[in-house]
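Student: Mind having a look at this structure? Questions to follow.
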Amino acid sequence: MKWMGRYAGYNASAFRKDLLSGLIVGIIAIPLGMAFAIASGVKPEYGLYTTVIAGILISLLGGSRFQIGGPTGAFIPILFAIVMQYGYENLLIAGIMAGFMLVLMGLFRLGALIKFIPRPVTIGFTAGIAVIIFSGQIANFLGLRGIEKHEDFWSNMKEIVMHISTVNIYSLLTAGSCLAVILLVPRFAPKVPASLVGLILSTVIAALFFEGQVTTIGSSFGAIPSSLPQFHVPEITWERIMNLLQPAFVIAMLGGIESLLSAVVADGMTGSRHNSNRELIGQGIANMVTPLFGGIPATGAIARTATNIKSGAMSPLSGVIHGVVVLLVIVLFAPYASHIPLASMAPVLMMVAWNMSGRRSFMQVMKTRTSDSLVLIITFLLTVFTSLTTAVEVGLILAVLLFVKRMSEMLKVAKVLPDPDHKHEKVMAYMVREGHDCPQINLYTIEGPLFFGAADRFEKSVMDSIHRRSGILLLRMGKVPFMDTTGESNLAHVVKHMERSRGTVLLSGIQAQPLEMIKKTGLIERINPDHMFEHTGEAINYALAHLDDQKCKGCKHFAFHECAALSSAGTDSERMSMLKSGKRVEANSSM
């Protein structure tokens, strides 16, 4: 029923809009699919197969009405590394495993958790991937010969420097003409797919004027078949599964992140809301099926999804049509694609890298000069110079540590004086003021979350002040929004210390979550529910009524009989009148 709800009120007008948007996005996806496949180290047709199969399945089964799925630039460094290390066959198995992981993530409702990845980490690795894609196309742009591809950035840059003398002027002219078209077309015809126009025109130029002088898809990879590949299940063994667990997990995580980011962008453009768990399941199924037809891992494509929306898409049918359009192009025009120069593909990918770099967001975070800036730059550098896996792991750990540090600094533990302007604290404020102190009552205000990053500081701050004295410890906890088990444990240590000293712990203003925590652990029984008050004034009244008269005898600030009279007085007004009168009132016999 939910699936049918996506087409509620669907009519002929909506279908025409879906048809147009699907046609536009399909045309845009053709050069991108081939380019992403080539950059990933596999044949160009595998990118087209992925566009068709994954594109259709993601639109039908995903959780966003406007999502366009297929191969994306974000996957390029990961897939290239897997192909280099494990081979194409194992890439297919890793894709199937990643799809299975995505389905499980969706079934266990983990879609919301991916949203908690810090923005600096996402911007950092996305910018790093953009640098890798851009730099990886320099050799094709210049037409360098004898280049050996490597997994790491430095080795690839070294190859370019070593072979810079082999620059092919014809490749340079071909790539330059394609880049010029890509840059100029949006200015004069913004609705025309610039990358496709640039690809076609530069291919025609190369065929007419530089025939045999530039490397083409056909000369590098052979002719592109005019049909989809046959269904084939790769040989899956336990040994292969174990070896590919990490690569598959990286594909799944990146695929999940990219697809949900794309869905969020679509929500922002349309005012709709996607189902994150359903999106993961749809992405997972698509990635389990696509490798069976030779396709590479796929995810939601932000740029194509945005284009789909701007072109007037009304339903997931536009995504299905986009896949059908690519299929028809494969069947009807595949032989012509073999003549496309690799130099023409380079500007297409370079523009993809430029657009996905997030340079404005990158600079915006860097200008803050905060811990987020540090997380961003470290994630970016590690993505470029090591691997995406290392970058994300280190970025997340660093972000968590810095967050814990910031949160721990928010905790403030201060011994305070009662507020003389508060009607319930006037008596206590008179007794405990600058230059005077009541040795039996310690009043502390706790502000901030009481969790593992700050709990030890809380305990130390309190214990350092009360370890030599006993009596009543009043903790004002109205500004403690959260307490974890570590914070509860440290609070329990304070309570235990007071018990040994035959003292009493009073709590005032405790919020719902900390209260629930001490209830679950049983600490509330140890503190005694009668020692917990909604307002600090009530706790102070309790404290005054329970002063130890024997300890008052040695107090240098008030005579014993004055404190005794204060503690026996019935109301605050009675106590204040005793203090202000200056009379030396005798204690009740009960004291």
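Residues in the structure tokens are named by chain (A, B, ... in the order shown) and by number from 1 within that chain; ligands are numbered from 1 in the order shown.
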Set the distance at 9 Å and use only C-alpha atoms: which residues neighbour segment 207-212 of chain A once local chain neighbours fewer than 2 positions away are removed? I'd like the list as JSON, numbers by chain.

Tutor: {"A": [170, 171, 174, 202, 203, 204, 205, 214, 215, 216, 339, 340]}

Student: With N, CA, C and O atoms retained, write the just-selected residues as a tab-separated table (two decimals), in the first residue's frame.

Tutor:
```
chain	number	residue	atom	x	y	z
A	170	TYR	N	47.59	16.05	-29.63
A	170	TYR	CA	46.26	15.75	-30.18
A	170	TYR	C	45.27	15.42	-29.07
A	170	TYR	O	44.10	15.82	-29.11
A	171	SER	N	45.74	14.67	-28.07
A	171	SER	CA	44.89	14.37	-26.91
A	171	SER	C	44.59	15.64	-26.14
A	171	SER	O	43.45	15.85	-25.68
A	174	THR	N	41.95	17.55	-28.02
A	174	THR	CA	40.66	16.86	-27.90
A	174	THR	C	40.04	17.12	-26.54
A	174	THR	O	38.85	17.48	-26.43
A	202	SER	N	33.81	16.57	-29.25
A	202	SER	CA	35.24	16.27	-29.19
A	202	SER	C	35.56	14.95	-29.89
A	202	SER	O	36.63	14.79	-30.50
A	203	THR	N	34.62	14.00	-29.84
A	203	THR	CA	34.82	12.73	-30.54
A	203	THR	C	34.81	12.95	-32.06
A	203	THR	O	35.63	12.38	-32.79
A	204	VAL	N	33.89	13.81	-32.53
A	204	VAL	CA	33.84	14.13	-33.95
A	204	VAL	C	35.12	14.84	-34.39
A	204	VAL	O	35.69	14.54	-35.45
A	205	ILE	N	35.59	15.78	-33.60
A	205	ILE	CA	36.83	16.50	-33.91
A	205	ILE	C	38.01	15.53	-34.01
A	205	ILE	O	38.82	15.59	-34.95
A	214	VAL	N	44.89	9.57	-31.18
A	214	VAL	CA	44.46	9.58	-29.78
A	214	VAL	C	43.90	8.21	-29.40
A	214	VAL	O	43.33	7.49	-30.23
A	215	THR	N	44.08	7.88	-28.12
A	215	THR	CA	43.59	6.60	-27.60
A	215	THR	C	42.08	6.67	-27.40
A	215	THR	O	41.56	7.63	-26.82
A	216	THR	N	41.37	5.64	-27.87
A	216	THR	CA	39.90	5.61	-27.73
A	216	THR	C	39.47	4.47	-26.82
A	216	THR	O	40.28	3.62	-26.43
A	339	HIS	N	34.35	4.71	-30.31
A	339	HIS	CA	35.21	5.72	-30.92
A	339	HIS	C	35.48	6.92	-30.01
A	339	HIS	O	36.22	7.83	-30.40
A	340	ILE	N	34.88	6.91	-28.82
A	340	ILE	CA	35.08	8.04	-27.91
A	340	ILE	C	36.52	8.04	-27.39
A	340	ILE	O	36.99	7.04	-26.85
```

Student: For Ala539 of chain A, list every protein, DNA or RNA residue within 12 Å, evaluated using only C-alpha atoms, and leave out those in the same chain fewer than 3 positions away; present the list as JSON, numbers by chain.

Tutor: {"A": [418, 424, 425, 428, 441, 442, 443, 472, 473, 474, 475, 476, 504, 505, 506, 507, 508, 509, 530, 531, 532, 533, 534, 535, 536, 542, 543, 544, 545, 546]}

Student: Which residue gives the smallest distance to Leu196 of chain A among A:Ala74, A:Ala12, A:Met162, A:Ile182, with only C-alpha atoms counted?

Tutor: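 Among A:Ala74, A:Ala12, A:Met162, A:Ile182, it is A:Ile182 that comes nearest to Leu196 of chain A.
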
Student: Please provide the set of residues having any atom within 12 Å of Gln364 of chain A, restricted to only C-alpha atoms, with same-chain residues fewer than 5 positions apart removed, written as a VMD selection string.

Tutor: chain A and resid 119 to 120 123 358 to 359 369 to 370 372 to 373 376

Student: Please determine, counting only C-alpha atoms, which residue among A:Phe249, A:Phe36, A:Phe385, A:Phe452 has the shortest atom-to-atom distance to Phe125 of chain A.

Tutor: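 Closest residue, counting only C-alpha atoms: A:Phe385.
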
Student: Pick out each residue of segment 278-433 of chain A that DSSP on the backbone tags as alpha helix (DSSP H); I need them as a VMD selection string.

Tutor: chain A and resid 278 to 289 302 to 310 317 to 337 342 to 356 359 to 368 371 to 385 388 to 410 426 to 431

Student: Counting only C-alpha atoms, which of A:Leu402, A:Ala286, A:Met314, A:Val233 gets nearest to Ser272 of chain A?

Tutor: A:Met314

Student: Determine, counting only C-alpha atoms, which protein, DNA and RNA residues have an atom within 8 Å of an atom of Ser259 of chain A; residues of the same chain fewer than 6 positions away are not included. Present the result as a list in words.

Tutor: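 Here the qualifying residues turn out to be Glu279, Leu280, Gln283, Thr299, Gly300, Ala301 and Ile302 of chain A.
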
Student: Those residues you just picked out, can you put them in a file as a PDB file, in the first residue's frame with N, CA and C atoms?

Tutor:
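Below you can see part.pdb, which holds the result:
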```
ATOM      1  N   GLU A 279      15.278   3.063   2.062  1.00  0.00           N
ATOM      2  CA  GLU A 279      16.295   3.440   1.081  1.00  0.00           C
ATOM      3  C   GLU A 279      17.488   2.488   1.144  1.00  0.00           C
ATOM      4  N   LEU A 280      17.917   2.149   2.345  1.00  0.00           N
ATOM      5  CA  LEU A 280      19.041   1.216   2.496  1.00  0.00           C
ATOM      6  C   LEU A 280      18.692  -0.164   1.942  1.00  0.00           C
ATOM      7  N   GLN A 283      18.731   0.082  -1.864  1.00  0.00           N
ATOM      8  CA  GLN A 283      20.122   0.139  -2.319  1.00  0.00           C
ATOM      9  C   GLN A 283      20.784  -1.232  -2.199  1.00  0.00           C
ATOM     10  N   THR A 299      25.031   3.619  -5.947  1.00  0.00           N
ATOM     11  CA  THR A 299      24.400   4.330  -4.833  1.00  0.00           C
ATOM     12  C   THR A 299      23.615   5.509  -5.402  1.00  0.00           C
ATOM     13  N   GLY A 300      22.998   6.287  -4.518  1.00  0.00           N
ATOM     14  CA  GLY A 300      22.267   7.463  -4.962  1.00  0.00           C
ATOM     15  C   GLY A 300      23.219   8.527  -5.485  1.00  0.00           C
ATOM     16  N   ALA A 301      22.895   9.095  -6.624  1.00  0.00           N
ATOM     17  CA  ALA A 301      23.742  10.112  -7.260  1.00  0.00           C
ATOM     18  C   ALA A 301      23.127  11.488  -7.020  1.00  0.00           C
ATOM     19  N   ILE A 302      23.808  12.319  -6.239  1.00  0.00           N
ATOM     20  CA  ILE A 302      23.252  13.611  -5.841  1.00  0.00           C
ATOM     21  C   ILE A 302      22.971  14.508  -7.043  1.00  0.00           C
TER      22      ILE A 302
END
```

Student: Show me, as a PDB file with N, CA and C atoms, in the first residue's frame, the residues that have an atom within 7 Å of Ala35 of chain A when counting only C-alpha atoms, minus same-chain residues fewer than 3 positions from it.

Tutor:
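Writing the result to out00.pdb gives the following:
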```pdb
ATOM      1  N   PRO A  31      27.412   9.174 -20.438  1.00  0.00           N
ATOM      2  CA  PRO A  31      28.855   9.405 -20.359  1.00  0.00           C
ATOM      3  C   PRO A  31      29.406   9.207 -18.956  1.00  0.00           C
ATOM      4  N   LEU A  32      28.612   9.539 -17.938  1.00  0.00           N
ATOM      5  CA  LEU A  32      29.074   9.365 -16.565  1.00  0.00           C
ATOM      6  C   LEU A  32      29.274   7.897 -16.219  1.00  0.00           C
ATOM      7  N   ILE A  38      35.488   3.310 -16.247  1.00  0.00           N
ATOM      8  CA  ILE A  38      36.887   3.360 -16.704  1.00  0.00           C
ATOM      9  C   ILE A  38      37.798   3.819 -15.562  1.00  0.00           C
ATOM     10  N   ALA A  39      37.375   4.855 -14.826  1.00  0.00           N
ATOM     11  CA  ALA A  39      38.187   5.358 -13.719  1.00  0.00           C
ATOM     12  C   ALA A  39      38.288   4.341 -12.584  1.00  0.00           C
ATOM     13  N   PRO A  44      34.089   0.061 -19.757  1.00  0.00           N
ATOM     14  CA  PRO A  44      33.035   1.089 -19.718  1.00  0.00           C
ATOM     15  C   PRO A  44      31.619   0.536 -19.733  1.00  0.00           C
ATOM     16  N   MET A 345      36.872  11.759 -22.163  1.00  0.00           N
ATOM     17  CA  MET A 345      36.272  11.342 -20.899  1.00  0.00           C
ATOM     18  C   MET A 345      36.882  12.094 -19.723  1.00  0.00           C
ATOM     19  N   LEU A 349      35.038  13.729 -16.116  1.00  0.00           N
ATOM     20  CA  LEU A 349      35.314  13.329 -14.738  1.00  0.00           C
ATOM     21  C   LEU A 349      35.918  14.468 -13.927  1.00  0.00           C
TER      22      LEU A 349
END
```
